[in-house]
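Below is the file query-v1.pdb, which contains PDB, C-alpha atoms.
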```
MODEL        1
ATOM      1  CA  MET A   1     105.177  94.822 106.493
ATOM      2  CA  ARG A   2     106.808  94.512 109.892
ATOM      3  CA  SER A   3     105.405  95.024 113.380
ATOM      4  CA  MET A   4     107.230  97.115 115.977
ATOM      5  CA  THR A   5     106.314  94.441 118.534
ATOM      6  CA  GLY A   6     109.024  91.806 118.746
ATOM      7  CA  TYR A   7     110.801  89.372 121.048
ATOM      8  CA  SER A   8     113.751  86.996 120.925
ATOM      9  CA  LYS A   9     116.005  85.198 123.395
ATOM     10  CA  LEU A  10     119.341  83.421 122.946
ATOM     11  CA  THR A  11     121.691  81.377 125.135
ATOM     12  CA  TYR A  12     125.253  80.564 124.105
ATOM     13  CA  GLN A  13     127.745  78.371 125.998
ATOM     14  CA  SER A  14     131.302  77.336 125.252
ATOM     15  CA  GLU A  15     134.377  76.407 127.279
ATOM     16  CA  ASP A  16     135.316  80.085 127.447
ATOM     17  CA  PHE A  17     132.046  82.050 127.549
ATOM     18  CA  VAL A  18     128.412  81.933 128.671
ATOM     19  CA  ILE A  19     126.057  84.462 127.063
ATOM     20  CA  ASP A  20     122.371  85.135 127.627
ATOM     21  CA  MET A  21     120.707  87.695 125.336
ATOM     22  CA  GLU A  22     117.152  88.970 125.313
ATOM     23  CA  ILE A  23     115.576  91.624 123.114
ATOM     24  CA  LYS A  24     112.013  92.948 123.140
ATOM     25  CA  SER A  25     110.316  95.936 121.543
ATOM     26  CA  VAL A  26     107.080  97.924 121.491
ATOM     27  CA  ASN A  27     105.877 100.770 119.278
ATOM     28  CA  ASN A  28     107.563 104.178 119.260
ATOM     29  CA  LYS A  29     107.703 107.012 116.701
ATOM     30  CA  ASN A  30     111.499 106.756 116.551
ATOM     31  CA  LEU A  31     114.191 104.217 117.417
ATOM     32  CA  ASN A  32     114.854 104.167 121.155
ATOM     33  CA  LEU A  33     117.362 101.475 122.134
ATOM     34  CA  LYS A  34     118.177 100.741 125.781
ATOM     35  CA  ILE A  35     121.076  98.374 126.448
ATOM     36  CA  LYS A  36     121.795  96.623 129.727
ATOM     37  CA  MET A  37     125.105  94.732 129.835
ATOM     38  CA  PRO A  38     128.232  94.246 131.985
ATOM     39  CA  SER A  39     130.702  97.136 132.091
ATOM     40  CA  ALA A  40     133.346  94.886 130.525
ATOM     41  CA  LEU A  41     131.345  95.108 127.267
ATOM     42  CA  ASN A  42     130.884  98.894 127.248
ATOM     43  CA  PHE A  43     133.489  99.267 124.521
ATOM     44  CA  LEU A  44     131.068  97.424 122.191
ATOM     45  CA  GLU A  45     128.072  99.715 122.752
ATOM     46  CA  THR A  46     128.535 101.774 119.578
ATOM     47  CA  LYS A  47     128.874  98.678 117.394
ATOM     48  CA  ILE A  48     125.851  97.062 119.036
ATOM     49  CA  ARG A  49     123.744 100.183 118.448
ATOM     50  CA  THR A  50     124.902 100.342 114.826
ATOM     51  CA  LYS A  51     124.053  96.689 114.190
ATOM     52  CA  VAL A  52     120.568  97.009 115.707
ATOM     53  CA  GLY A  53     119.980 100.296 113.826
ATOM     54  CA  GLU A  54     120.830  98.591 110.530
ATOM     55  CA  GLU A  55     117.987  96.111 111.062
ATOM     56  CA  VAL A  56     115.327  98.184 112.850
ATOM     57  CA  SER A  57     114.159 101.720 112.043
ATOM     58  CA  ARG A  58     111.506 102.405 114.718
ATOM     59  CA  GLY A  59     110.398 101.131 118.101
ATOM     60  CA  SER A  60     111.304 101.201 121.774
ATOM     61  CA  ILE A  61     113.780  98.351 122.218
ATOM     62  CA  ASP A  62     115.206  96.777 125.375
ATOM     63  CA  LEU A  63     118.349  94.678 124.869
ATOM     64  CA  LYS A  64     119.790  92.731 127.797
ATOM     65  CA  ILE A  65     123.139  90.916 127.648
ATOM     66  CA  ASP A  66     124.464  88.711 130.477
ATOM     67  CA  PHE A  67     128.067  87.637 129.967
ATOM     68  CA  GLU A  68     130.426  85.312 131.834
ATOM     69  CA  ASP A  69     134.092  84.693 131.024
ATOM     70  CA  ARG A  70     134.998  81.160 132.140
ATOM     71  CA  ARG A  71     138.670  81.329 131.310
ATOM     72  CA  ASP A  72     141.395  81.161 133.955
ATOM     73  CA  ILE A  73     141.470  84.618 135.514
ATOM     74  CA  ASP A  74     145.286  84.423 135.772
ATOM     75  CA  ASN A  75     145.434  84.716 131.999
ATOM     76  CA  LEU A  76     143.010  87.617 131.620
ATOM     77  CA  PHE A  77     145.130  90.475 132.965
ATOM     78  CA  GLU A  78     148.620  91.879 132.549
ATOM     79  CA  TYR A  79     150.614  94.785 133.859
ATOM     80  CA  ASP A  80     152.869  97.230 132.063
ATOM     81  CA  GLU A  81     156.320  96.475 133.442
ATOM     82  CA  LYS A  82     158.068  99.565 132.077
ATOM     83  CA  ILE A  83     155.395 101.960 133.386
ATOM     84  CA  CYS A  84     155.483 100.264 136.805
ATOM     85  CA  GLU A  85     159.250 100.651 137.012
ATOM     86  CA  ALA A  86     159.046 104.292 135.975
ATOM     87  CA  TYR A  87     156.365 105.093 138.601
ATOM     88  CA  LEU A  88     158.260 103.231 141.316
ATOM     89  CA  LYS A  89     161.395 105.135 140.463
ATOM     90  CA  VAL A  90     159.533 108.421 140.921
ATOM     91  CA  LEU A  91     158.005 107.236 144.208
ATOM     92  CA  ASN A  92     161.441 106.220 145.506
ATOM     93  CA  GLN A  93     162.846 109.593 144.513
ATOM     94  CA  MET A  94     159.981 111.303 146.358
ATOM     95  CA  GLU A  95     160.736 109.281 149.525
ATOM     96  CA  GLU A  96     164.388 110.220 149.376
ATOM     97  CA  LYS A  97     163.726 113.875 148.619
ATOM     98  CA  LEU A  98     160.978 114.331 151.214
ATOM     99  CA  ASN A  99     162.631 112.080 153.784
ATOM    100  CA  ASP A 100     159.421 110.131 154.263
ATOM    101  CA  LYS A 101     158.056 106.699 153.396
ATOM    102  CA  PHE A 102     154.900 105.596 151.556
ATOM    103  CA  THR A 103     152.980 103.136 153.702
ATOM    104  CA  ASN A 104     152.259 100.857 150.762
ATOM    105  CA  LYS A 105     153.810 101.820 147.443
ATOM    106  CA  MET A 106     152.318  98.865 145.544
ATOM    107  CA  ASP A 107     148.800  99.672 146.693
ATOM    108  CA  TYR A 108     149.298 103.331 145.768
ATOM    109  CA  LEU A 109     150.689 102.325 142.372
ATOM    110  CA  ILE A 110     147.784 100.038 141.471
ATOM    111  CA  ARG A 111     145.030 102.350 142.715
ATOM    112  CA  ASN A 112     146.278 105.561 141.157
ATOM    113  CA  PHE A 113     148.099 104.711 137.962
ATOM    114  CA  ASN A 114     145.959 101.986 136.353
ATOM    115  CA  VAL A 115     148.934  99.795 135.515
ATOM    116  CA  ILE A 116     146.939  96.532 135.493
ATOM    117  CA  LYS A 117     144.902  96.073 132.324
ATOM    118  CA  ARG A 118     142.852  93.395 130.623
ATOM    119  CA  LYS A 119     144.819  91.798 127.797
ATOM    120  CA  GLU A 120     144.013  93.371 124.432
ATOM    121  CA  ASN A 121     143.323  90.052 122.717
ATOM    122  CA  ASP A 122     140.502  89.438 125.215
ATOM    123  CA  THR A 123     138.514  92.400 123.932
ATOM    124  CA  ASN A 124     138.838  91.032 120.406
ATOM    125  CA  ASP A 125     137.513  87.679 121.622
ATOM    126  CA  TYR A 126     134.612  89.441 123.325
ATOM    127  CA  GLU A 127     133.742  91.421 120.218
ATOM    128  CA  GLU A 128     133.637  88.383 117.971
ATOM    129  CA  VAL A 129     131.484  86.219 120.232
ATOM    130  CA  ILE A 130     129.089  89.012 121.266
ATOM    131  CA  LEU A 131     128.458  90.441 117.782
ATOM    132  CA  SER A 132     128.088  87.039 116.114
ATOM    133  CA  ASN A 133     125.479  85.998 118.669
ATOM    134  CA  LEU A 134     123.760  89.374 118.388
ATOM    135  CA  GLU A 135     123.267  88.678 114.669
ATOM    136  CA  LYS A 136     121.545  85.376 115.487
ATOM    137  CA  LEU A 137     119.382  87.091 118.103
ATOM    138  CA  LEU A 138     118.323  89.764 115.590
ATOM    139  CA  GLU A 139     117.463  87.139 112.962
ATOM    140  CA  GLU A 140     114.895  85.529 115.283
ATOM    141  CA  PHE A 141     113.751  88.971 116.413
ATOM    142  CA  LEU A 142     112.975  89.990 112.818
ATOM    143  CA  VAL A 143     111.162  86.702 112.158
ATOM    144  CA  PHE A 144     108.882  87.497 115.112
ATOM    145  CA  LYS A 145     108.282  91.062 113.854
ATOM    146  CA  ASN A 146     107.548  89.863 110.303
ATOM    147  CA  THR A 147     105.101  87.205 111.519
ATOM    148  CA  GLU A 148     103.245  89.762 113.621
ATOM    149  CA  GLY A 149     103.314  92.200 110.688
ATOM    150  CA  ASN A 150     101.738  89.644 108.346
ATOM    151  CA  ARG A 151      98.978  88.985 110.877
ATOM    152  CA  LEU A 152      98.225  92.706 111.006
ATOM    153  CA  LYS A 153      98.292  92.900 107.207
ATOM    154  CA  GLU A 154      95.528  90.305 106.928
ATOM    155  CA  TYR A 155      93.465  92.218 109.472
ATOM    156  CA  PHE A 156      93.958  95.514 107.604
ATOM    157  CA  LEU A 157      92.976  93.980 104.248
ATOM    158  CA  GLU A 158      89.765  92.604 105.755
ATOM    159  CA  ARG A 159      88.846  96.032 107.109
ATOM    160  CA  LEU A 160      89.795  97.634 103.782
ATOM    161  CA  ASP A 161      87.486  95.291 101.839
ATOM    162  CA  PHE A 162      84.637  96.253 104.166
ATOM    163  CA  ILE A 163      85.278  99.970 103.561
ATOM    164  CA  LYS A 164      85.489  99.518  99.782
ATOM    165  CA  GLU A 165      82.142  97.722  99.756
ATOM    166  CA  ARG A 166      80.552 100.545 101.740
ATOM    167  CA  VAL A 167      81.967 103.182  99.391
ATOM    168  CA  GLU A 168      80.339 101.391  96.464
ATOM    169  CA  ILE A 169      77.009 101.586  98.312
ATOM    170  CA  ILE A 170      77.579 105.323  98.844
ATOM    171  CA  LYS A 171      77.994 105.716  95.081
ATOM    172  CA  LEU A 172      74.597 104.073  94.519
ATOM    173  CA  HIS A 173      72.891 106.336  97.052
ATOM    174  CA  LYS A 174      74.702 109.427  95.735
ATOM    175  CA  ALA A 175      72.902 109.239  92.415
ATOM    176  CA  LYS A 176      69.527 109.263  94.157
ATOM    177  CA  VAL A 177      70.134 112.116  96.616
ATOM    178  CA  VAL A 178      69.138 114.967  94.266
ATOM    179  CA  ASP A 179      66.078 113.116  92.941
ATOM    180  CA  ILE A 180      64.843 112.441  96.478
ATOM    181  CA  TYR A 181      65.368 116.086  97.454
ATOM    182  CA  LYS A 182      63.578 117.272  94.309
ATOM    183  CA  GLU A 183      60.641 115.002  95.022
ATOM    184  CA  LYS A 184      60.362 116.174  98.641
ATOM    185  CA  LEU A 185      60.641 119.839  97.605
ATOM    186  CA  LEU A 186      57.900 119.556  95.025
ATOM    187  CA  LYS A 187      55.595 117.792  97.480
ATOM    188  CA  ARG A 188      56.190 120.526 100.050
ATOM    189  CA  LEU A 189      55.525 123.265  97.516
ATOM    190  CA  GLU A 190      52.370 121.532  96.371
ATOM    191  CA  THR A 191      50.943 121.728  99.875
ATOM    192  CA  ILE A 192      51.453 125.507 100.040
ATOM    193  CA  ARG A 193      50.747 126.364  96.416
ATOM    194  CA  GLU A 194      47.512 128.144  97.249
ATOM    195  CA  GLU A 195      49.155 130.291  99.950
ATOM    196  CA  VAL A 196      52.453 131.171  98.285
ATOM    197  CA  THR A 197      53.244 132.027  94.709
ATOM    198  CA  PHE A 198      56.553 130.903  93.224
ATOM    199  CA  LYS A 199      58.165 130.615  89.871
ATOM    200  CA  GLU A 200      59.446 127.460  88.208
ATOM    201  CA  GLU A 201      62.870 129.062  87.782
ATOM    202  CA  ASP A 202      63.067 129.552  91.584
ATOM    203  CA  ILE A 203      62.432 125.866  92.066
ATOM    204  CA  LEU A 204      65.091 125.004  89.508
ATOM    205  CA  LYS A 205      67.563 127.399  91.162
ATOM    206  CA  GLU A 206      66.945 125.810  94.582
ATOM    207  CA  ILE A 207      67.495 122.332  93.164
ATOM    208  CA  LEU A 208      70.729 123.435  91.466
ATOM    209  CA  LEU A 209      72.001 125.003  94.685
ATOM    210  CA  PHE A 210      71.248 121.823  96.619
ATOM    211  CA  THR A 211      72.945 119.735  93.939
ATOM    212  CA  ASP A 212      76.086 121.857  94.199
ATOM    213  CA  ARG A 213      76.158 121.824  98.016
ATOM    214  CA  SER A 214      75.617 118.089  98.310
ATOM    215  CA  ASP A 215      77.826 116.940  95.421
ATOM    216  CA  ILE A 216      80.379 114.477  96.801
ATOM    217  CA  SER A 217      81.798 113.313  93.475
ATOM    218  CA  GLU A 218      85.261 114.753  94.142
ATOM    219  CA  GLU A 219      85.366 113.328  97.662
ATOM    220  CA  ILE A 220      84.408 109.869  96.404
ATOM    221  CA  SER A 221      86.994 110.073  93.633
ATOM    222  CA  ARG A 222      89.754 110.984  96.110
ATOM    223  CA  LEU A 223      88.495 108.319  98.501
ATOM    224  CA  ASP A 224      88.806 105.676  95.770
ATOM    225  CA  SER A 225      92.358 106.873  95.065
ATOM    226  CA  HIS A 226      93.404 106.756  98.733
ATOM    227  CA  LEU A 227      91.884 103.308  99.249
ATOM    228  CA  LYS A 228      93.733 102.017  96.201
ATOM    229  CA  GLN A 229      97.019 103.494  97.486
ATOM    230  CA  LEU A 230      96.433 101.968 100.909
ATOM    231  CA  GLU A 231      95.928  98.547  99.339
ATOM    232  CA  ILE A 232      99.161  98.949  97.355
ATOM    233  CA  GLU A 233     101.121  99.787 100.523
ATOM    234  CA  LEU A 234      99.565  96.915 102.459
ATOM    235  CA  LYS A 235     100.430  94.392  99.748
ATOM    236  CA  SER A 236     103.911  95.727  98.999
ATOM    237  CA  ASP A 237     107.055  93.801  99.971
ATOM    238  CA  GLU A 238     108.512  96.905 101.589
ATOM    239  CA  LYS A 239     109.146  96.367 105.307
ATOM    240  CA  ILE A 240     109.021  99.986 106.538
ATOM    241  CA  VAL A 241     105.568 101.349 105.655
ATOM    242  CA  GLY A 242     104.121 102.522 108.987
ATOM    243  CA  LYS A 243     104.415 106.270 108.375
ATOM    244  CA  LYS A 244     103.026 105.982 104.834
ATOM    245  CA  ILE A 245     100.009 104.017 106.051
ATOM    246  CA  ASP A 246      99.347 106.515 108.827
ATOM    247  CA  PHE A 247      99.366 109.407 106.346
ATOM    248  CA  ILE A 248      96.989 107.645 103.920
ATOM    249  CA  LEU A 249      94.590 106.788 106.763
ATOM    250  CA  GLN A 250      94.486 110.455 107.771
ATOM    251  CA  GLU A 251      93.555 111.407 104.198
ATOM    252  CA  ILE A 252      90.823 108.745 104.019
ATOM    253  CA  PHE A 253      89.366 109.933 107.313
ATOM    254  CA  ARG A 254      89.374 113.536 106.051
ATOM    255  CA  GLU A 255      87.446 112.634 102.875
ATOM    256  CA  LEU A 256      84.915 110.612 104.864
ATOM    257  CA  ASN A 257      84.371 113.582 107.178
ATOM    258  CA  THR A 258      83.764 115.923 104.253
ATOM    259  CA  THR A 259      81.409 113.418 102.627
ATOM    260  CA  GLY A 260      79.373 113.143 105.805
ATOM    261  CA  VAL A 261      79.126 116.924 106.196
ATOM    262  CA  LYS A 262      78.137 117.663 102.594
ATOM    263  CA  CYS A 263      75.592 114.930 102.083
ATOM    264  CA  SER A 264      72.155 115.176 103.726
ATOM    265  CA  SER A 265      71.268 111.538 103.055
ATOM    266  CA  TYR A 266      70.684 109.470 106.188
ATOM    267  CA  GLU A 267      71.772 106.294 104.397
ATOM    268  CA  ILE A 268      75.073 107.850 103.300
ATOM    269  CA  SER A 269      75.690 109.400 106.738
ATOM    270  CA  LYS A 270      75.180 106.009 108.347
ATOM    271  CA  ILE A 271      77.672 104.355 105.987
ATOM    272  CA  VAL A 272      80.199 107.158 106.563
ATOM    273  CA  VAL A 273      80.041 106.514 110.322
ATOM    274  CA  GLU A 274      80.613 102.794 109.723
ATOM    275  CA  CYS A 275      83.625 103.522 107.513
ATOM    276  CA  LYS A 276      85.118 105.953 110.033
ATOM    277  CA  ASN A 277      84.814 103.321 112.743
ATOM    278  CA  GLU A 278      86.720 100.857 110.542
ATOM    279  CA  ILE A 279      89.431 103.440 109.845
ATOM    280  CA  GLU A 280      89.845 104.009 113.592
ATOM    281  CA  LYS A 281      90.299 100.261 114.078
ATOM    282  CA  ILE A 282      93.025 100.228 111.431
ATOM    283  CA  ARG A 283      94.738 103.335 112.824
ATOM    284  CA  GLU A 284      94.837 101.847 116.307
ATOM    285  CA  GLN A 285      96.619  98.725 115.083
ATOM    286  CA  ALA A 286      98.735 100.596 112.518
ATOM    287  CA  MET A 287     100.523 102.304 115.414
ATOM    288  CA  ASN A 288     102.405  98.999 115.776
ATOM    289  CA  ILE A 289     103.651  99.011 112.164
ATOM    290  CA  GLU A 290     107.326  99.877 111.669
TER     291      GLU A 290
ENDMDL
END
```

Can I see the file as structure tokens?
Amino acid sequence: MRSMTGYSKLTYQSEDFVIDMEIKSVNNKNLNLKIKMPSALNFLETKIRTKVGEEVSRGSIDLKIDFEDRRDIDNLFEYDEKICEAYLKVLNQMEEKLNDKFTNKMDYLIRNFNVIKRKENDTNDYEEVILSNLEKLLEEFLVFKNTEGNRLKEYFLERLDFIKERVEIIKLHKAKVVDIYKEKLLKRLETIREEVTFKEEDILKEILLFTDRSDISEEISRLDSHLKQLEIELKSDEKIVGKKIDFILQEIFRELNTTGVKCSSYEISKIVVECKNEIEKIREQAMNIE
């Protein structure tokens, strides 16, 4: 189990580069990655998004990359000599043809024809150092998320044990509900026996109708099944379980609601309310599970 809350920071320094990376995340239904980095690294955005997406499936993530190239700037750029000569030739022809002069042909050439470029091998150097450090950053990031996820798992299991204990108490009370109703009905009828005539079969029919209306056997059976499935998901080694847990919690809450509506026992109603409160606690924290 892994939390969607995570944080990691990394600093890298060498003779050529200085890199500061920071990544943090909070819960989100889908993966929403925002990247802030120098424009010189824009060509790496797709690869960065792919690498993060391979490790994280959900969450709102902010990734910040500060980058400094310490190398001699004279060695970082080059110009295309053949293209420059070709453009200058055209500019000279235009001057001769139009009988006019450009005020600054070199300035016009550089501004309009993009003849100065960063050396291609520099981008390869950037890619290697950025992506390798991103891997290290993500390793620590996942450690944080796993640690937080394990803390939440322990909390969920404690709440689950409480709910399971309460369901067992409901089972004990369930067996007594009809007997208590029967006893109360007979006492009530006894007090009005002299005023109202009734048949034994009518009493039996009323008891059977009550038994049918208040029977929560199916709800309890499904509740047991859902609680067992929730425990399996919580204890599994699978990292991405957030959506499964949310679905199971919805089903548990639904069965508790039905149980509370069908059963007229105060004791059972009280326990149902307690269980629903525990489910809400789990659901609130489960929003942070990836």

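The space separating atom CA of Ile240 of chain A from atom CA of Val52 of chain A comes to 15.0 Å.
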
Using all atoms listed in the file, which protein or nucleic acid residues come within 8 Å of Met287 of chain A? Drop anything in the same chain fewer than 2 positions from it, and give the result as a PDB file with C-alpha atoms, in the coordinates of the input.
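Now in around-v7.pdb:
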```pdb
ATOM      1  CA  ASN A  27     105.877 100.770 119.278  1.00  0.00           C
ATOM      2  CA  GLY A 242     104.121 102.522 108.987  1.00  0.00           C
ATOM      3  CA  ASP A 246      99.347 106.515 108.827  1.00  0.00           C
ATOM      4  CA  ARG A 283      94.738 103.335 112.824  1.00  0.00           C
ATOM      5  CA  GLU A 284      94.837 101.847 116.307  1.00  0.00           C
ATOM      6  CA  GLN A 285      96.619  98.725 115.083  1.00  0.00           C
ATOM      7  CA  ILE A 289     103.651  99.011 112.164  1.00  0.00           C
TER       8      ILE A 289
END
```

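For the choices A:Met106, A:Leu142, A:Leu137, A:Met1, the atom-to-atom distance to Ile65 of chain A is smallest for A:Leu137 when using all atoms listed in the file.
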
Report as CSV: every residue of segment 201-286 of chain A with an atom at most 7 Å from segment 160-176 of chain A, its closest pair of atoms, and their distance in Å to one decimal, counting all atoms listed in the file, with rows sorted by chain and ascending residue number.
```
residue,atom,partner,partner_atom,distance
A:Ile268,CA,A:Ile170,CA,5.7
A:Ile271,CA,A:Arg166,CA,6.4
A:Cys275,CA,A:Ile163,CA,5.6
```

What do you get, as a PDB file with C-alpha atoms, keeping the file's coordinate frame, if you spell out every residue that the PyMOL selection byres ((chain A and resi 84) around 12) selects here?
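Dumped to expr15.pdb:
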```pdb
ATOM      1  CA  GLU A  78     148.620  91.879 132.549  1.00  0.00           C
ATOM      2  CA  TYR A  79     150.614  94.785 133.859  1.00  0.00           C
ATOM      3  CA  ASP A  80     152.869  97.230 132.063  1.00  0.00           C
ATOM      4  CA  GLU A  81     156.320  96.475 133.442  1.00  0.00           C
ATOM      5  CA  LYS A  82     158.068  99.565 132.077  1.00  0.00           C
ATOM      6  CA  ILE A  83     155.395 101.960 133.386  1.00  0.00           C
ATOM      7  CA  GLU A  85     159.250 100.651 137.012  1.00  0.00           C
ATOM      8  CA  ALA A  86     159.046 104.292 135.975  1.00  0.00           C
ATOM      9  CA  TYR A  87     156.365 105.093 138.601  1.00  0.00           C
ATOM     10  CA  LEU A  88     158.260 103.231 141.316  1.00  0.00           C
ATOM     11  CA  LYS A  89     161.395 105.135 140.463  1.00  0.00           C
ATOM     12  CA  VAL A  90     159.533 108.421 140.921  1.00  0.00           C
ATOM     13  CA  LEU A  91     158.005 107.236 144.208  1.00  0.00           C
ATOM     14  CA  LYS A 105     153.810 101.820 147.443  1.00  0.00           C
ATOM     15  CA  MET A 106     152.318  98.865 145.544  1.00  0.00           C
ATOM     16  CA  ASP A 107     148.800  99.672 146.693  1.00  0.00           C
ATOM     17  CA  TYR A 108     149.298 103.331 145.768  1.00  0.00           C
ATOM     18  CA  LEU A 109     150.689 102.325 142.372  1.00  0.00           C
ATOM     19  CA  ILE A 110     147.784 100.038 141.471  1.00  0.00           C
ATOM     20  CA  ASN A 112     146.278 105.561 141.157  1.00  0.00           C
ATOM     21  CA  PHE A 113     148.099 104.711 137.962  1.00  0.00           C
ATOM     22  CA  ASN A 114     145.959 101.986 136.353  1.00  0.00           C
ATOM     23  CA  VAL A 115     148.934  99.795 135.515  1.00  0.00           C
ATOM     24  CA  ILE A 116     146.939  96.532 135.493  1.00  0.00           C
TER      25      ILE A 116
END
```

* **Expansion of the PyMOL selection byres ((chain A and resi 219) around 10) into residues, as a list in words** => Asp215, Ile216, Ser217, Glu218, Ile220, Ser221, Arg222, Leu223, Asp224, Ser225, Ile252, Arg254, Glu255, Leu256, Asn257, Thr258, Thr259 and Lys262 of chain A

* Given the file shown, determine the residues that the PyMOL selection byres ((chain A and resi 9-23) around 6) selects; report them as a list in words. => Tyr7, Ser8, Lys24, Asp62, Leu63, Lys64, Ile65, Asp66, Phe67, Glu68, Asp69, Arg70 and Arg71 of chain A

Using the file's own x, y and z axes, what box holds all listed atoms of segment 76-90 of chain A with 3 Å on each side, keeping edges along x, y and z, and what are its centre and edge lengths in Å to one decimal, as JSON?
```
{"center_x": 152.2, "center_y": 98.0, "center_z": 136.5, "size_x": 24.4, "size_y": 26.8, "size_z": 15.7}
```

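Atom pair atom CA of Lys29 of chain A / atom CA of Arg58 of chain A has a distance of 6.3 Å (rounded to one decimal).
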
* Take atom CA of Thr50 of chain A and atom CA of Lys36 of chain A and report the distance between them in Å, one decimal. => 15.7 Å

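Within a radius of 12 Å around (109.6, 100.6, 105.8), the polymer residues are A:Met1, A:Arg2, A:Ser3, A:Met4, A:Glu55, A:Val56, A:Ser57, A:Arg58, A:Asn146, A:Gly149, A:Glu233, A:Leu234, A:Ser236, A:Asp237, A:Glu238, A:Lys239, A:Ile240, A:Val241, A:Gly242, A:Lys243, A:Lys244, A:Ile245, A:Ile289, A:Glu290, counting all atoms listed in the file.
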
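For the choices A:Glu96, A:Ser264, A:Gln229, A:Leu157, the atom-to-atom distance to Glu278 of chain A is smallest for A:Leu157 when using only C-alpha atoms.
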
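Ranking A:Lys97, A:Phe156, A:Leu131, A:Asn28 by their shortest atom-to-atom distance to Thr46 of chain A, with all atoms listed in the file included, puts A:Leu131 first.
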
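Candidate residues A:Asn30, A:Asn133, A:Gln250, A:Thr147 were compared for distance to Ile279 of chain A, and the nearest is A:Gln250, using only C-alpha atoms.
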